[in-house]
Each structure stands twice: as C-alpha cells, then as structure tokens.
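Engineer: So I've got this file, protein-v9.txt, and it contains compact mmCIF, C-alpha atoms:
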# COMPACT_ATOMS: atom_id res chain seq x y z
CA MET A 1 -14.66 3.10 23.04
CA ILE A 2 -14.53 0.86 26.09
CA PHE A 3 -11.18 0.01 27.64
CA LEU A 4 -11.23 -3.62 26.44
CA LEU A 5 -11.69 -2.58 22.81
CA LYS A 6 -8.84 -0.04 23.06
CA TYR A 7 -6.68 -2.79 24.50
CA PHE A 8 -7.68 -5.14 21.66
CA LEU A 9 -6.92 -2.52 18.99
CA VAL A 10 -3.43 -1.88 20.41
CA SER A 11 -2.86 -5.65 20.77
CA HIS A 12 -3.97 -6.19 17.17
CA ILE A 13 -1.33 -3.71 15.95
CA PHE A 14 1.38 -4.92 18.32
CA PHE A 15 1.00 -8.64 17.57
CA GLY A 16 0.68 -8.01 13.83
CA LEU A 17 3.98 -6.10 13.84
CA LEU A 18 5.60 -8.74 16.03
CA GLY A 19 4.56 -11.43 13.54
CA ILE A 20 6.17 -9.47 10.71
CA ILE A 21 9.36 -8.99 12.76
CA PHE A 22 9.64 -12.72 13.54
CA PHE A 23 9.22 -13.71 9.89
CA TYR A 24 11.65 -10.98 8.84
CA ALA A 25 14.16 -12.64 11.20
CA VAL A 26 13.43 -16.01 9.52
CA LEU A 27 13.86 -14.38 6.09
CA ILE A 28 17.16 -12.66 6.89
CA SER A 29 18.68 -15.73 8.59
CA GLY A 30 17.37 -18.11 5.93
CA ILE A 31 18.65 -16.02 3.04
CA LYS A 32 22.23 -16.03 4.36
CA GLN A 33 22.83 -19.76 4.31
CA ILE A 34 20.71 -21.90 6.56
CA ASN A 35 22.89 -22.86 9.46
CA PHE A 36 21.48 -26.20 10.52
CA GLN A 37 22.78 -25.69 14.02
CA LYS A 38 20.24 -22.86 14.29
CA ILE A 39 17.27 -25.20 14.16
CA LYS A 40 15.93 -23.82 17.47
CA PHE A 41 16.12 -20.23 16.22
CA PHE A 42 14.15 -20.99 13.05
CA ARG A 43 11.56 -23.09 14.85
CA ARG A 44 11.02 -20.54 17.64
CA SER A 45 10.92 -17.51 15.34
CA ALA A 46 8.38 -19.16 13.03
CA LEU A 47 6.28 -20.44 15.93
CA PHE A 48 6.24 -17.05 17.73
CA GLY A 49 5.50 -15.34 14.40
CA PHE A 50 2.59 -17.68 13.77
CA LEU A 51 1.21 -17.22 17.32
CA SER A 52 1.56 -13.44 16.97
CA PHE A 53 -0.48 -13.49 13.76
CA VAL A 54 -3.16 -15.64 15.39
CA LEU A 55 -3.39 -13.23 18.35
CA SER A 56 -3.51 -10.26 15.99
CA TRP A 57 -6.22 -12.07 14.04
CA LEU A 58 -8.35 -12.74 17.11
CA THR A 59 -8.01 -9.29 18.70
CA GLY A 60 -8.51 -7.52 15.34
CA GLY A 61 -11.48 -9.72 14.51
CA TYR A 62 -13.10 -9.05 17.87
CA TYR A 63 -12.61 -5.29 17.47
CA TYR A 64 -13.90 -5.40 13.88
CA VAL A 65 -17.07 -7.34 14.67
CA LEU A 66 -17.96 -5.51 17.88
CA TYR A 67 -16.90 -1.93 17.19
CA TYR A 68 -15.54 -1.14 13.71
CA GLY A 69 -18.63 -2.12 11.73
CA ALA A 70 -21.01 -0.19 13.96
CA ALA A 71 -19.00 2.91 14.93
CA VAL A 72 -15.96 3.40 12.69
CA LYS A 73 -17.13 2.28 9.24
CA PRO A 74 -20.09 4.73 9.04
CA THR A 75 -17.78 7.62 10.05
CA ILE A 76 -15.32 6.74 7.28
CA ILE A 77 -18.04 6.25 4.65
CA ALA A 78 -19.60 9.61 5.55
CA GLY A 79 -16.23 11.39 5.71
CA LYS A 80 -13.79 12.80 3.15
CA TYR A 81 -12.04 9.50 2.50
CA PRO A 82 -14.66 6.77 1.95
CA TRP A 83 -12.20 4.83 -0.25
CA ALA A 84 -10.20 4.11 2.92
CA HIS A 85 -12.89 1.60 3.79
CA SER A 86 -14.27 0.58 0.41
CA ILE A 87 -10.83 -0.15 -1.05
CA PHE A 88 -8.25 -0.56 1.69
CA MET A 89 -10.34 -2.18 4.43
CA GLU A 90 -11.97 -4.53 1.94
CA ILE A 91 -8.54 -5.61 0.67
CA LYS A 92 -7.08 -5.80 4.17
CA GLU A 93 -9.78 -7.94 5.69
CA HIS A 94 -9.50 -10.52 2.89
CA ILE A 95 -5.70 -10.79 2.64
CA PHE A 96 -5.47 -10.76 6.43
CA LEU A 97 -7.43 -14.03 6.54
CA PHE A 98 -4.78 -16.20 4.98
CA LEU A 99 -1.68 -14.71 6.62
CA PRO A 100 -1.78 -17.04 9.69
CA PHE A 101 -2.16 -20.05 7.38
CA ALA A 102 0.91 -19.09 5.37
CA ALA A 103 2.73 -18.61 8.68
CA LEU A 104 1.53 -22.03 9.84
CA VAL A 105 2.91 -23.69 6.69
CA ILE A 106 6.36 -22.19 7.35
CA THR A 107 6.24 -23.21 11.02
CA LEU A 108 5.26 -26.78 10.14
CA MET A 109 8.03 -26.97 7.56
CA PHE A 110 10.59 -26.15 10.25
CA TYR A 111 9.10 -28.61 12.75
CA LEU A 112 8.17 -31.55 10.52
CA PHE A 113 10.40 -31.31 7.46
CA TRP A 114 13.68 -29.93 8.76
CA ASP A 115 15.63 -32.81 7.14
CA ASN A 116 14.04 -32.13 3.75
CA LEU A 117 15.02 -28.48 4.06
CA ASN A 118 18.54 -29.62 4.81
CA GLN A 119 18.75 -31.86 1.76
CA ASN A 120 16.69 -30.10 -0.87
CA PRO A 121 17.61 -26.50 -1.73
CA LYS A 122 14.39 -26.13 -3.75
CA ILE A 123 12.27 -26.70 -0.65
CA LYS A 124 14.50 -24.35 1.35
CA ASN A 125 14.12 -21.62 -1.30
CA SER A 126 10.35 -22.11 -1.35
CA VAL A 127 10.14 -21.66 2.43
CA ILE A 128 12.32 -18.54 2.25
CA ALA A 129 10.15 -17.18 -0.58
CA LEU A 130 7.01 -17.84 1.46
CA SER A 131 8.58 -16.01 4.43
CA ALA A 132 9.29 -13.06 2.11
CA ILE A 133 5.65 -13.11 0.95
CA VAL A 134 4.44 -13.13 4.57
CA VAL A 135 6.69 -10.15 5.40
CA ILE A 136 5.63 -8.19 2.31
CA ILE A 137 1.90 -8.87 2.77
CA GLY A 138 2.15 -8.16 6.52
CA THR A 139 3.87 -4.83 5.81
CA ILE A 140 1.25 -3.84 3.22
CA ILE A 141 -1.53 -4.73 5.67
CA ALA A 142 0.12 -2.65 8.43
CA LEU A 143 0.38 0.36 6.12
CA MET A 144 -3.25 -0.07 5.06
CA GLY A 145 -4.17 0.07 8.74
CA ILE A 146 -2.65 3.57 8.92
CA ILE A 147 -4.62 4.70 5.87
CA ILE A 148 -7.87 3.37 7.38
CA SER A 149 -7.24 4.88 10.84
CA GLY A 150 -6.36 8.24 9.29
CA ALA A 151 -9.74 8.39 7.55
CA VAL A 152 -11.72 8.39 10.81
CA ARG A 153 -12.29 12.15 11.06
CA MET B 154 3.43 8.84 31.85
CA ASP B 155 0.68 7.89 29.39
CA PHE B 156 0.86 5.48 26.44
CA LEU B 157 1.69 8.24 23.94
CA ALA B 158 4.51 9.69 26.07
CA ILE B 159 6.07 6.24 26.64
CA ASN B 160 6.05 5.51 22.91
CA LYS B 161 7.45 8.95 22.03
CA THR B 162 10.27 8.62 24.57
CA LEU B 163 11.25 5.13 23.40
CA HIS B 164 11.00 6.24 19.76
CA ILE B 165 13.40 9.14 20.32
CA ILE B 166 15.87 6.98 22.30
CA ALA B 167 15.83 4.26 19.61
CA ALA B 168 16.32 6.87 16.86
CA ILE B 169 19.32 8.41 18.63
CA VAL B 170 20.94 5.05 19.46
CA GLY B 171 20.24 3.80 15.90
CA VAL B 172 21.85 6.83 14.28
CA LEU B 173 24.83 6.60 16.63
CA SER B 174 25.33 2.87 15.95
CA ALA B 175 25.08 3.40 12.17
CA THR B 176 27.77 6.08 12.52
CA ALA B 177 29.86 3.89 14.84
CA GLU B 178 29.68 1.04 12.33
CA GLU B 179 31.08 3.23 9.55
CA ILE B 180 33.85 4.60 11.79
CA LEU B 181 34.80 1.09 12.94
CA TYR B 182 34.70 -0.18 9.36
CA PHE B 183 37.08 2.56 8.18
CA LYS B 184 39.37 1.95 11.13
CA ASP B 185 39.35 -1.79 10.44
CA ILE B 186 40.15 -1.60 6.73
CA LYS B 187 43.28 0.49 7.33
CA ASP B 188 45.35 -2.69 7.32
CA GLY B 189 43.41 -4.06 4.33
CA LYS B 190 41.59 -6.84 6.20
CA ILE B 191 38.98 -7.35 8.89
CA ASP B 192 40.01 -9.86 11.55
CA GLU B 193 37.70 -11.84 13.85
CA ALA B 194 37.75 -9.32 16.75
CA GLU B 195 36.96 -6.46 14.37
CA ALA B 196 34.17 -8.46 12.71
CA ARG B 197 32.69 -9.13 16.17
CA GLN B 198 32.59 -5.37 16.89
CA LEU B 199 30.87 -4.73 13.58
CA ARG B 200 28.33 -7.47 14.31
CA ILE B 201 27.49 -5.82 17.66
CA THR B 202 26.75 -2.46 16.03
CA TYR B 203 24.78 -4.23 13.29
CA LYS B 204 22.67 -6.04 15.91
CA LEU B 205 22.18 -2.80 17.83
CA MET B 206 20.88 -1.14 14.65
CA HIS B 207 18.47 -4.03 14.10
CA TRP B 208 17.09 -3.77 17.64
CA CYS B 209 16.73 0.01 17.31
CA LEU B 210 14.87 -0.47 14.04
CA ILE B 211 12.49 -2.96 15.69
CA ILE B 212 11.81 -0.53 18.57
CA LEU B 213 11.37 2.35 16.10
CA VAL B 214 8.78 0.43 14.08
CA LEU B 215 6.87 -0.75 17.17
CA THR B 216 6.89 2.64 18.87
CA GLY B 217 6.15 4.44 15.58
CA PHE B 218 2.95 2.44 15.25
CA GLY B 219 2.43 2.85 19.01
CA ILE B 220 2.48 6.63 18.61
CA LEU B 221 -0.09 6.45 15.81
CA ALA B 222 -2.30 4.10 17.85
CA ALA B 223 -2.10 6.46 20.84
CA VAL B 224 -2.91 9.48 18.65
CA TYR B 225 -5.85 7.58 17.13
CA LEU B 226 -7.22 6.60 20.54
CA LYS B 227 -6.83 10.15 21.84
CA TYR B 228 -7.95 12.27 18.87
CA GLY B 229 -9.26 9.88 16.18
CA GLY B 230 -7.77 10.06 12.67
CA THR B 231 -5.71 13.24 12.22
CA LYS B 232 -3.69 14.91 9.46
CA THR B 233 -0.62 13.11 10.83
CA PHE B 234 -1.79 9.83 9.28
CA TYR B 235 -1.73 11.33 5.78
CA SER B 236 1.41 13.38 6.24
CA PRO B 237 3.98 12.98 3.41
CA VAL B 238 6.75 13.12 6.01
CA LEU B 239 5.32 10.04 7.77
CA TRP B 240 4.99 8.07 4.53
CA VAL B 241 8.46 9.01 3.32
CA LYS B 242 9.76 7.89 6.73
CA TYR B 243 8.06 4.53 6.17
CA LEU B 244 9.61 4.36 2.72
CA VAL B 245 13.06 4.99 4.23
CA VAL B 246 12.49 2.24 6.84
CA LEU B 247 11.41 -0.16 4.08
CA VAL B 248 14.57 0.70 2.13
CA LEU B 249 16.64 -0.05 5.27
CA LEU B 250 14.92 -3.43 5.66
CA ALA B 251 15.32 -4.29 1.97
CA ASN B 252 18.96 -3.21 2.18
CA ALA B 253 19.53 -5.71 5.04
CA VAL B 254 17.92 -8.49 2.94
CA LEU B 255 20.13 -7.63 -0.05
CA ILE B 256 23.25 -7.60 2.16
CA ALA B 257 22.31 -11.03 3.57
CA ALA B 258 21.73 -12.35 0.04
CA LYS B 259 25.02 -10.73 -1.13
CA LYS B 260 23.17 -9.00 -3.96
CA ILE B 261 24.44 -5.48 -3.24
CA SER B 262 27.97 -4.05 -3.07
CA MET B 263 29.13 -2.81 0.34
CA LYS B 264 29.79 0.60 -1.23
CA TRP B 265 26.05 1.09 -1.85
CA ALA B 266 24.83 -0.89 1.14
CA SER B 267 26.73 1.16 3.73
CA SER B 268 25.78 4.45 2.04
CA ILE B 269 22.10 3.48 1.95
CA SER B 270 22.20 2.40 5.59
CA LEU B 271 23.94 5.53 6.90
CA THR B 272 21.90 7.96 4.76
CA SER B 273 18.61 6.26 5.66
CA TRP B 274 19.25 6.51 9.39
CA TYR B 275 20.16 10.20 9.19
CA PHE B 276 17.37 10.99 6.73
CA ALA B 277 14.68 9.35 8.85
CA TYR B 278 16.05 11.09 11.95
CA ALA B 279 16.12 14.47 10.19
CA LEU B 280 12.56 14.02 8.91
CA GLY B 281 11.32 13.22 12.41
CA ALA B 282 13.19 16.10 14.02
CA LEU B 283 12.48 18.71 11.33
CA SER B 284 8.78 17.97 10.89
CA GLY B 285 8.27 18.67 14.60
CA LYS B 286 10.13 21.99 14.33
CA ILE B 287 8.35 23.03 11.12
CA ARG B 288 4.94 22.52 12.74
CA GLU B 289 5.93 25.15 15.34
CA ILE B 290 6.78 27.85 12.75
CA LYS B 291 3.68 29.41 11.17
CA PHE B 292 5.48 30.80 8.11
CA LEU B 293 6.78 27.34 7.17
CA VAL B 294 3.41 25.69 7.85
CA ASP B 295 1.76 28.18 5.46
CA PHE B 296 4.47 27.65 2.87
CA PHE B 297 4.23 23.84 2.86
CA SER B 298 0.43 23.81 2.96
CA GLN B 299 0.44 25.19 -0.63
CA PHE B 300 1.74 21.85 -1.89
CA ASN B 301 -0.14 18.58 -1.97
CA PHE B 302 0.91 15.15 -0.69
CA ILE B 303 2.39 13.96 -3.98
CA ILE B 304 4.56 17.04 -4.61
CA ILE B 305 6.04 17.08 -1.10
CA SER B 306 6.64 13.29 -1.20
CA PHE B 307 8.26 13.56 -4.63
CA PHE B 308 10.74 16.22 -3.49
CA LEU B 309 11.53 14.36 -0.29
CA VAL B 310 12.24 11.16 -2.24
CA ILE B 311 14.42 13.05 -4.74
CA GLY B 312 16.30 14.56 -1.79
CA TYR B 313 16.75 11.11 -0.26
CA ILE B 314 18.12 9.61 -3.50
CA ALA B 315 20.47 12.59 -3.95
CA ALA B 316 21.67 12.19 -0.34
CA ILE B 317 22.48 8.51 -0.97
CA ILE B 318 24.48 9.33 -4.11
CA ILE B 319 26.40 12.08 -2.29
CA MET B 320 27.04 9.70 0.63
CA VAL B 321 28.51 7.07 -1.75
CA GLN B 322 31.02 9.66 -2.99
CA ILE B 323 31.90 10.84 0.52
CA LEU B 324 32.41 7.32 1.89
CA GLU B 325 34.47 6.27 -1.14
CA TYR B 326 36.69 9.33 -0.67
CA ILE B 327 37.19 8.59 3.05
CA LYS B 328 37.91 4.94 2.23
CA LYS B 329 40.62 5.94 -0.27
CA LEU B 330 42.17 8.29 2.28
CA MET B 331 42.15 5.59 4.96
CA ILE B 332 43.74 2.97 2.71
CA LYS B 333 46.44 5.44 1.60
CA GLN B 334 47.38 6.08 5.24
Could the structure of this file be written out as structure tokens, please?

Structural biologist:
Amino acid sequence: MIFLLKYFLVSHIFFGLLGIIFFYAVLISGIKQINFQKIKFFRRSALFGFLSFVLSWLTGGYYYVLYYGAAVKPTIIAGKYPWAHSIFMEIKEHIFLFLPFAALVITLMFYLFWDNLNQNPKIKNSVIALSAIVVIIGTIIALMGIIISGAVR
Amino acid sequence: MDFLAINKTLHIIAAIVGVLSATAEEILYFKDIKDGKIDEAEARQLRITYKLMHWCLIILVLTGFGILAAVYLKYGGTKTFYSPVLWVKYLVVLVLLANAVLIAAKKISMKWASSISLTSWYFAYALGALSGKIREIKFLVDFFSQFNFIIISFFLVIGYIAAIIIMVQILEYIKKLMIKQ
C-alpha cells in the first residue's frame, strides 16, 4: 500500500470518529436542556461534525475505489471470513452514504432555524433524535470497519 | 516513536487518568455529601472530574482505533480484531457513553449511574491490562483457546454485570457511613 493510501485510511477512521464525537457532544448538550446562550457551541459542533463526516467520506471513498476493491476485497472473499465483505461492507458502504446528509440537516437546523428550535420543543426533540441516530449509525459503521479489517488475513 | 507506539502510549495515559478521575469523582462526591448538600464550589470540582473523564474517553476511543489501524497497516487483519476482550471493551465503552446520555436526560438514578461509571472504567482498564498479561503466559493462552468467542464474551459480560451490582452495594454502604458521620 502506498503512503498516500495509508494516510487516507487513517484519515478516514480519524475523521469518522471525530464526526461521531462532535454529534455526541451535540446530543449530550441538547438532551440536558438547550441553553440558548450556547448557540455557538451547537453551531460549531454540528458544523465540525458535518465537515469531519465529509472528509471521512472523501478519504474512505478514495481508498475504497483505488485500493479496497482491487486488493482487499479479493483477499477477504478468498479468506475464512467472506461474510465480512458480503454482509458488513455491503451494509457499511450504503449506510455510510447518507450520514453526511443527516449531519448537514442538523447543521442547517442550528444555523437557519435556531429561533424555531427555541420556540418549538417538537422541532428541538426531532433534531436531538436525529443527532442520536447519527451517533448510533456512526458507531455501528465504526464497529463494522473493525470486523472488515480483521477479515483481511 | 512510530504510529503504533504513540497510540499505545496515549491510550495507556488516558486509561490511567480516566480511572483516576472516575475514582476522584466518587471520593469528592462522598466528601461533599457529608453535610447533606453539594454547594457551588463542590459542584465545580465534580464538573472538572466529569470533563476530565469525557476527554479521557475521547482519547481512549481515538487511540483505540489508532492502535487497530496501526496493527492493520503493519500486519494486516489479526486475531486481535476478533478478540472477545476487544469487543467486550467496546461494549463497556458504549455503556459508559449511554450512561452519560441517561444522566443528562435524568433517566437514571445517581446510585446506578455512579456505579456503572466507576465499574466500567475499572473493568475496561482491567481487561486491557489483563489481556496483555494473559497473552504472555502459555498455560493461560492454551486454557482460553478451548473456548470460542461467544462463551468468553458471555462470561465477561456476566462478570461485568455482577461487578456493577456489587459496586452499587459497596457505594450505598459507603454513602450511609458518610452520612452517619
């Protein structure tokens, strides 16, 4: 594996985890009782979380297209754990696609509809629920990554 | 120092600081409730230890994945990735994170929340420390290799749940003693 691809793989993991951490921060702070003085915190956390997911998306996508399909996938399919690709990678690569969009929705809510969040608890609860979904899906995707990597023997 | 060594070092430091801050939080909490209430200065101290635990958890998760990435880049997929100890450690970290969400949402009593937090920190630390030691002792490696992933995971999870229940009793007993004094 060339140095750039190694760097992209590590970046993919790092930014993916960072995205989860930022949205976990949004979830924890939002669940307490939204403090409307903390507008900057919510906006920054969501924005950094969204950007982290986009970077993870790009670096992971680059690695997948250029290296995984040609070198890693055949090794997994021929190895002891072919289901690591046929089940987990197939699930991962599809769920992974919409994570940045869900993150973008939350970010836009904090930037464009802060007043609505302030006035309508239903909207606030929906944004918090979406943050929880992002954290849960992100965590599942991260754990699937371990299963897939472990199958390359 | 290579990528693997940096991650391992940071992981160990974060684990030690995390365990110490979880312990410090309990000690401070027991000290604070002696007079039956927690004032602003005491609450500030507790918030500092709580924040410290959060930061340690973040570093632990990042470096934990960093270690796996480094192992993968160096050796490819290894047995480590499918180790029951690793997956039970992840389960414990997920319980810690869910515990923090439940505390924030006020959906869990402090009696259970503090026991889960303290037990989880020590349990994850013990798993990390013991698994390293066990790998060095051939007799234990042979013994554990008889059992499959599910059996080892099952017993570890049972042990974890039992440890939480025991911790609830211990902390409640200490709390009663402190309030009596």

Engineer: Tell me, counting all atoms listed in the file, for each residue of chain A within 8 Å of chain B, which pair of atoms is nearest and how far apart they are in Å to one decimal, in rows ordered by chain and increasing number, as CSV.

Structural biologist:
residue,atom,partner,partner_atom,distance
A:Lys6,CA,B:Leu226,CA,7.3
A:Val10,CA,B:Ala222,CA,6.6
A:Ile13,CA,B:Phe218,CA,7.5
A:Phe14,CA,B:Leu215,CA,7.0
A:Leu17,CA,B:Leu215,CA,6.9
A:Ile21,CA,B:Ile211,CA,7.4
A:Leu27,CA,B:Val254,CA,7.8
A:Ile28,CA,B:Val254,CA,5.8
A:Ser29,CA,B:Ala257,CA,7.8
A:Ile31,CA,B:Ala258,CA,5.7
A:Lys32,CA,B:Ala257,CA,5.1
A:Ile146,CA,B:Phe234,CA,6.3
A:Ile147,CA,B:Phe234,CA,6.8
A:Ser149,CA,B:Gly230,CA,5.5
A:Gly150,CA,B:Gly230,CA,4.1
A:Ala151,CA,B:Gly230,CA,5.7
A:Val152,CA,B:Gly230,CA,4.7
A:Arg153,CA,B:Gly230,CA,5.2

Engineer: Rounded to one decimal in Å, what is the spacing between CA of Leu283 in chain B and CA of Asp155 in chain B?

Structural biologist: 24.1 Å

Engineer: How many Å separate CA of Pro121 in chain A from CA of Arg197 in chain B?

Structural biologist: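 Rounded to one decimal, the two atoms are 29.1 Å apart.
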
Engineer: Rank B:Ile212, B:Met206, B:Ile303, B:Ile159 by their smallest atom-to-atom distance to Pro237 in chain B, using all atoms listed in the file, and report the top residue only.

Structural biologist: B:Ile303

Engineer: Tell me, in Å to one decimal, how far CA of Asp188 in chain B is from CA of Met331 in chain B.

Structural biologist: 9.2 Å

Engineer: Under the rule that all atoms listed in the file are counted, which of A:Val26, A:Val135, A:Ala102, A:Ser52 is the nearest residue to Lys40 in chain A?

Structural biologist: A:Val26

Engineer: Choose the residue, out of A:Ala103, A:Ile20, A:Leu51, A:Gly30, that has the smallest atom-to-atom separation from Ile123 in chain A; count all atoms listed in the file.

Structural biologist: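 Among A:Ala103, A:Ile20, A:Leu51, A:Gly30, it is A:Gly30 that comes nearest to Ile123 in chain A.
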
Engineer: Find the residues near Glu179 in chain B: any atom within 12 Å, counting only C-alpha atoms, skip ones fewer than 5 places away on the same chain, and give them as an MDAnalysis selection string.

Structural biologist: chainID B and resid 172:174 184:186 198:199 202:203 263:264 266:272 320 323:325 327:328

Engineer: Nearest to Tyr24 in chain A: which of B:Leu330, B:His207, B:Ala196, B:Val241 is it, counting only C-alpha atoms?

Structural biologist: B:His207

Engineer: Measuring atom to atom with all atoms listed in the file, identify which of B:Lys286, B:Tyr275, B:Val246, B:Asp295 is nearest to Thr139 in chain A.

Structural biologist: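 Under the stated criterion, the closest residue is B:Val246.
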
Engineer: Nearest to Glu93 in chain A: which of A:Pro74, A:Gly49, A:Gly60, A:Gly16 is it, counting only C-alpha atoms?

Structural biologist: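 With only C-alpha atoms as the atom set, the closest residue is A:Gly60.
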
Engineer: Show me as a VMD selection string the residues that reach within 9 Å of (11.5, 0.8, 19.2), counting all atoms listed in the file and using the file's own coordinates.

Structural biologist: chain B and resid 160 163 to 168 208 to 217

Engineer: Identify, on the basis of only C-alpha atoms, every residue whose closest approach to Val127 in chain A does not exceed 8 Å; exclude the query and any residue fewer than 4 positions from it along the same chain; express the result as a short mmCIF file (atom, residue, chain, number, x, y, z; two decimals) with C-alpha atoms, in the coordinates of the input.

Structural biologist:
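Below you can see part24.cif, which holds the result:
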data_model
loop_
_atom_site.label_atom_id
_atom_site.label_comp_id
_atom_site.auth_asym_id
_atom_site.auth_seq_id
_atom_site.Cartn_x
_atom_site.Cartn_y
_atom_site.Cartn_z
CA ILE A 106 6.36 -22.19 7.35
CA MET A 109 8.03 -26.97 7.56
CA ILE A 123 12.27 -26.70 -0.65
CA SER A 131 8.58 -16.01 4.43
#

Engineer: Would you list the contacts of Ala46 in chain A as an MDAnalysis selection string, taking every protein, DNA or RNA residue within 9 Å and counting all atoms listed in the file, but skipping same-chain residues closer than 3 positions in sequence?

Structural biologist: chainID A and resid 19 22:23 25:26 41:43 49:51 103:104 106:108 110

Engineer: May I have the centre and edge lengths, in Å to one decimal, of an axis-aligned box around the listed atoms of range 114-119 of chain A with 3 Å added to every side, as AutoDock Vina command-line options?

Structural biologist:
--center_x 16.2 --center_y -30.6 --center_z 5.3 --size_x 11.1 --size_y 10.3 --size_z 13.0

Engineer: Just range 246-274 of chain B from the block, N, CA and C atoms, as a CSV table (one decimal), in the first residue's frame, could you?

Structural biologist:
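Output below, filename result29.csv:
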chain,number,residue,atom,x,y,z
B,246,VAL,N,-17.4,0.6,26.8
B,246,VAL,CA,-17.3,2.0,26.4
B,246,VAL,C,-18.7,2.5,26.0
B,247,LEU,N,-19.4,1.7,25.2
B,247,LEU,CA,-20.8,2.0,24.8
B,247,LEU,C,-21.7,2.2,26.0
B,248,VAL,N,-21.5,1.4,27.0
B,248,VAL,CA,-22.3,1.5,28.2
B,248,VAL,C,-22.0,2.8,28.9
B,249,LEU,N,-20.7,3.2,29.0
B,249,LEU,CA,-20.3,4.4,29.6
B,249,LEU,C,-20.9,5.6,28.8
B,250,LEU,N,-20.9,5.6,27.5
B,250,LEU,CA,-21.5,6.7,26.7
B,250,LEU,C,-23.0,6.8,26.9
B,251,ALA,N,-23.7,5.6,26.9
B,251,ALA,CA,-25.1,5.6,27.1
B,251,ALA,C,-25.5,6.1,28.5
B,252,ASN,N,-24.6,5.7,29.5
B,252,ASN,CA,-24.8,6.1,30.9
B,252,ASN,C,-24.8,7.7,31.0
B,253,ALA,N,-23.8,8.3,30.2
B,253,ALA,CA,-23.7,9.8,30.2
B,253,ALA,C,-25.0,10.4,29.6
B,254,VAL,N,-25.5,9.7,28.6
B,254,VAL,CA,-26.7,10.3,27.9
B,254,VAL,C,-27.9,10.2,28.9
B,255,LEU,N,-28.0,9.0,29.6
B,255,LEU,CA,-29.1,8.8,30.6
B,255,LEU,C,-29.0,9.8,31.7
B,256,ILE,N,-27.7,10.1,32.2
B,256,ILE,CA,-27.5,11.1,33.3
B,256,ILE,C,-28.0,12.4,32.8
B,257,ALA,N,-27.6,12.8,31.6
B,257,ALA,CA,-28.0,14.1,31.0
B,257,ALA,C,-29.5,14.2,30.9
B,258,ALA,N,-30.2,13.1,30.5
B,258,ALA,CA,-31.6,13.1,30.3
B,258,ALA,C,-32.4,12.9,31.7
B,259,LYS,N,-31.6,12.7,32.7
B,259,LYS,CA,-32.2,12.4,34.1
B,259,LYS,C,-33.1,11.2,34.1
B,260,LYS,N,-32.7,10.2,33.4
B,260,LYS,CA,-33.5,9.0,33.3
B,260,LYS,C,-32.8,7.8,34.0
B,261,ILE,N,-31.8,8.1,34.9
B,261,ILE,CA,-31.2,7.1,35.6
B,261,ILE,C,-30.9,7.6,37.0
B,262,SER,N,-31.0,6.8,38.1
B,262,SER,CA,-30.7,7.3,39.4
B,262,SER,C,-29.2,7.4,39.6
B,263,MET,N,-28.8,8.3,40.4
B,263,MET,CA,-27.3,8.5,40.6
B,263,MET,C,-26.7,7.3,41.2
B,264,LYS,N,-27.5,6.5,42.0
B,264,LYS,CA,-27.0,5.3,42.6
B,264,LYS,C,-26.4,4.3,41.5
B,265,TRP,N,-27.2,4.1,40.5
B,265,TRP,CA,-26.8,3.2,39.4
B,265,TRP,C,-25.8,3.9,38.5
B,266,ALA,N,-26.0,5.2,38.2
B,266,ALA,CA,-25.1,5.9,37.3
B,266,ALA,C,-23.7,5.9,37.7
B,267,SER,N,-23.5,6.2,39.0
B,267,SER,CA,-22.1,6.3,39.5
B,267,SER,C,-21.5,4.9,39.6
B,268,SER,N,-22.3,3.9,39.9
B,268,SER,CA,-21.8,2.5,40.0
B,268,SER,C,-21.4,2.1,38.6
B,269,ILE,N,-22.2,2.4,37.6
B,269,ILE,CA,-21.9,1.9,36.2
B,269,ILE,C,-20.6,2.6,35.7
B,270,SER,N,-20.6,3.9,36.0
B,270,SER,CA,-19.4,4.7,35.6
B,270,SER,C,-18.1,4.1,36.2
B,271,LEU,N,-18.1,4.0,37.5
B,271,LEU,CA,-16.9,3.6,38.2
B,271,LEU,C,-16.5,2.1,37.8
B,272,THR,N,-17.5,1.2,37.8
B,272,THR,CA,-17.2,-0.2,37.4
B,272,THR,C,-16.7,-0.2,36.0
B,273,SER,N,-17.3,0.5,35.1
B,273,SER,CA,-16.9,0.4,33.7
B,273,SER,C,-15.5,0.9,33.4
B,274,TRP,N,-15.1,1.9,34.1
B,274,TRP,CA,-13.7,2.4,34.0
B,274,TRP,C,-12.7,1.3,34.4
